Structure formats: C-alpha cells, structure tokens
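Working notes, beginning with the structure itself.
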Amino acid sequence: MSDLYQKRARALVIVGFALNIVAALVDLINVYGDGLYKHINFSGMLGLFLDPLVALAATGAWWFVTKVTPESTAQRSLLGKAMYWFGLEIILGVIESVNIGLHQSITTWTGSIIWIMAIGGAIEAVGLISLARVLDTMKVNDREIREPLVD
C-alpha cells in the first residue's frame with residue numbers, strides 16, 4: 001500500500017508542477033500575443049521569463065530529492081521534514097495566488113492564469129504532504145549506516 005500511495009502522491013506533485021509550468025508559459029504567450037510587452041519595463045519582462053524557469057527548476061529539485069532513499073531513521077525523518085517544509089512553501093504561494101485571484105475574473109487571461117497556478121499549487125501541496133506522510137510511515141532497515149572516522 002505504501003508504494004501505491006507514494007506513486008499517487010508523486011503523480012499529484014507532477015500534475016501540480018505541470019499546471020504551474022503551463023500557466024507560466026501561457027502568461028508569457030499572452031503578454032506577447034496581446035502586445036503588452038511594449039508596456040512592461042525590464043523588471044516585469046524578466047519576471048515573465050523567470051516564472052517558467054523557476055517552475056522547471058523547482059520540478060528538477062523536487063525530482064532528485066525524491067530519488068533519495070533514506071538509509072536510516074534520521075535520514076528518513078529529515079527527508080520527511082523537507083517535504084513538509086516544501087509543502088508549506090507551496091501552500092503559502094497558493095494563499096498568495098488566491099488573494100490575488102479574488103480580485104481577478106477567472107474569465108480573463110490574467111485571472112485564469114492566477115487560478116490555474118493556485119489549483120496547481122494546491123495539488124502540489126497535497127502531493128508533497130502525502131509524500132511526507134509516506135516517509136513518516138516507511139520502515140527503514142534496522143542497521144544504521146555509519147561513516148568511518150577519518151583522522
């Protein structure tokens with residue numbers, strides 16, 4: 001059951017990341033398609049290009065962190081705590097998106113992008129917290145890996 005639960009949690013995180021990447025790309029395309037880029041300063045344009053790259057970087061970081069297999073109770077605990085903290089970071093981003101989205105119509109490009117990001121983030125957070133719970137219940141071999149002391 002733990003393996004199935006872990007696969008489902010990973011799938012949720014992937015779907016959430018994918019939604020955020022798509023929303024960032026749609027935002028970029030929208031700005032160029034509508035000609036809004038002519039009215040945005042360098043800082044605003046930099047943000048538009050960084051959003052999809054940040055989402056890709058976060059996806060890559062998460063992907064490799066989840067490939068780590070804890071070899072001791074301490075490592076399992078640290079990895080689980082990292083997932084909880086990563087989930088909290090995503091939840092705070094969702095709160096920010098919802099706060100902005102409350103003032104936007106979902107029928108506009110800008111409003112729909114914000115709500116897609118909020119939904120993607122919520123899905124990510126559920127997946128990350130689920131992965132953390134899997135780590136909390138995972139059994140680790142009784143042997144603890146010890147590094148030899150080098151003087």
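Here's how to read the names in the structure tokens: chain A, B, ... by the order shown, residue numbers from 1 in each chain, ligand numbers from 1 in the order shown.
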Could you please write out, as a PyMOL selection string, every residue of chain A that DSSP assigns to helix (DSSP H, G or I)?
-> chain A and resi 2-33+36-39+42-65+73-101+109-137
Would you output that residue set with C-alpha atoms, as a compact mmCIF listing (two decimals), in the first residue's frame?
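Dumped to again_24.txt:
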# COMPACT_ATOMS: atom_id res chain seq x y z
CA SER A 2 2.80 2.43 0.84
CA ASP A 3 4.25 2.05 -2.68
CA LEU A 4 0.87 2.75 -4.34
CA TYR A 5 0.26 5.71 -2.03
CA GLN A 6 3.75 7.04 -2.83
CA LYS A 7 3.14 6.72 -6.59
CA ARG A 8 -0.16 8.58 -6.30
CA ALA A 9 1.45 11.33 -4.22
CA ARG A 10 4.28 11.71 -6.77
CA ALA A 11 1.69 11.89 -9.57
CA LEU A 12 -0.14 14.70 -7.74
CA VAL A 13 3.07 16.68 -7.38
CA ILE A 14 3.93 16.18 -11.06
CA VAL A 15 0.43 17.32 -12.13
CA GLY A 16 0.71 20.37 -9.87
CA PHE A 17 4.13 21.31 -11.24
CA ALA A 18 2.92 20.78 -14.81
CA LEU A 19 -0.06 23.09 -14.25
CA ASN A 20 2.23 25.80 -12.89
CA ILE A 21 4.64 25.47 -15.81
CA VAL A 22 1.74 25.65 -18.29
CA ALA A 23 0.28 28.69 -16.51
CA ALA A 24 3.64 30.49 -16.60
CA LEU A 25 4.08 29.72 -20.30
CA VAL A 26 0.50 30.82 -21.12
CA ASP A 27 1.14 34.06 -19.25
CA LEU A 28 4.27 34.68 -21.31
CA ILE A 29 2.47 33.88 -24.57
CA ASN A 30 -0.46 36.09 -23.55
CA VAL A 31 1.80 39.07 -22.86
CA TYR A 32 3.44 38.75 -26.26
CA GLY A 33 0.23 37.93 -28.12
CA LEU A 36 1.54 44.04 -23.57
CA TYR A 37 5.30 43.52 -23.60
CA LYS A 38 5.64 47.02 -25.09
CA HIS A 39 4.28 48.49 -21.85
CA PHE A 42 12.68 45.26 -17.96
CA SER A 43 11.94 44.03 -14.44
CA GLY A 44 8.44 42.94 -15.42
CA MET A 45 9.70 41.15 -18.53
CA LEU A 46 12.44 39.44 -16.54
CA GLY A 47 9.79 38.14 -14.14
CA LEU A 48 7.71 36.77 -17.00
CA PHE A 49 10.68 34.80 -18.35
CA LEU A 50 11.81 33.67 -14.91
CA ASP A 51 8.44 32.22 -13.87
CA PRO A 52 8.57 29.16 -16.17
CA LEU A 53 12.27 28.68 -15.42
CA VAL A 54 11.66 28.81 -11.67
CA ALA A 55 8.88 26.25 -12.03
CA LEU A 56 11.18 23.96 -14.06
CA ALA A 57 13.99 24.38 -11.52
CA ALA A 58 11.66 23.53 -8.63
CA THR A 59 10.43 20.47 -10.52
CA GLY A 60 14.00 19.31 -11.09
CA ALA A 61 14.99 19.86 -7.47
CA TRP A 62 11.95 18.00 -6.21
CA TRP A 63 12.52 15.15 -8.68
CA PHE A 64 16.05 14.49 -7.50
CA VAL A 65 15.23 14.90 -3.80
CA THR A 73 15.70 6.68 10.59
CA ALA A 74 17.43 10.05 10.86
CA GLN A 75 17.65 10.44 7.07
CA ARG A 76 14.02 9.40 6.66
CA SER A 77 12.98 11.95 9.26
CA LEU A 78 14.98 14.74 7.61
CA LEU A 79 13.60 13.92 4.17
CA GLY A 80 10.05 13.87 5.55
CA LYS A 81 10.57 17.25 7.23
CA ALA A 82 11.93 18.67 3.98
CA MET A 83 8.75 17.54 2.20
CA TYR A 84 6.57 19.17 4.89
CA TRP A 85 8.51 22.44 4.61
CA PHE A 86 8.38 22.33 0.81
CA GLY A 87 4.62 21.72 1.09
CA LEU A 88 4.28 24.72 3.43
CA GLU A 89 6.13 26.91 0.94
CA ILE A 90 3.72 25.82 -1.79
CA ILE A 91 0.67 26.43 0.47
CA LEU A 92 1.87 29.98 1.17
CA GLY A 93 2.17 30.52 -2.59
CA VAL A 94 -1.37 29.19 -3.05
CA ILE A 95 -2.64 31.65 -0.42
CA GLU A 96 -0.89 34.46 -2.30
CA SER A 97 -2.42 33.33 -5.62
CA VAL A 98 -5.91 33.08 -4.13
CA ASN A 99 -5.52 36.51 -2.55
CA ILE A 100 -4.65 37.97 -5.97
CA GLY A 101 -7.24 35.81 -7.74
CA TRP A 109 -6.42 35.53 -19.27
CA THR A 110 -4.78 37.05 -16.22
CA GLY A 111 -7.42 35.74 -13.85
CA SER A 112 -7.43 32.25 -15.31
CA ILE A 113 -3.63 32.04 -15.12
CA ILE A 114 -3.68 33.02 -11.45
CA TRP A 115 -6.37 30.44 -10.65
CA ILE A 116 -4.57 27.72 -12.63
CA MET A 117 -1.44 28.46 -10.59
CA ALA A 118 -3.46 28.30 -7.36
CA ILE A 119 -5.01 24.96 -8.32
CA GLY A 120 -1.64 23.58 -9.45
CA GLY A 121 -0.06 24.68 -6.19
CA ALA A 122 -2.83 23.11 -4.12
CA ILE A 123 -2.35 19.82 -5.98
CA GLU A 124 1.42 20.03 -5.42
CA ALA A 125 0.94 20.69 -1.71
CA VAL A 126 -1.36 17.68 -1.30
CA GLY A 127 1.21 15.51 -3.09
CA LEU A 128 4.14 16.81 -1.03
CA ILE A 129 2.34 16.36 2.27
CA SER A 130 1.30 12.87 1.16
CA LEU A 131 4.93 12.04 0.36
CA ALA A 132 5.95 13.32 3.77
CA ARG A 133 3.36 11.06 5.38
CA VAL A 134 4.70 8.11 3.37
CA LEU A 135 8.14 8.85 4.78
CA ASP A 136 6.67 9.03 8.29
CA THR A 137 5.24 5.52 7.95
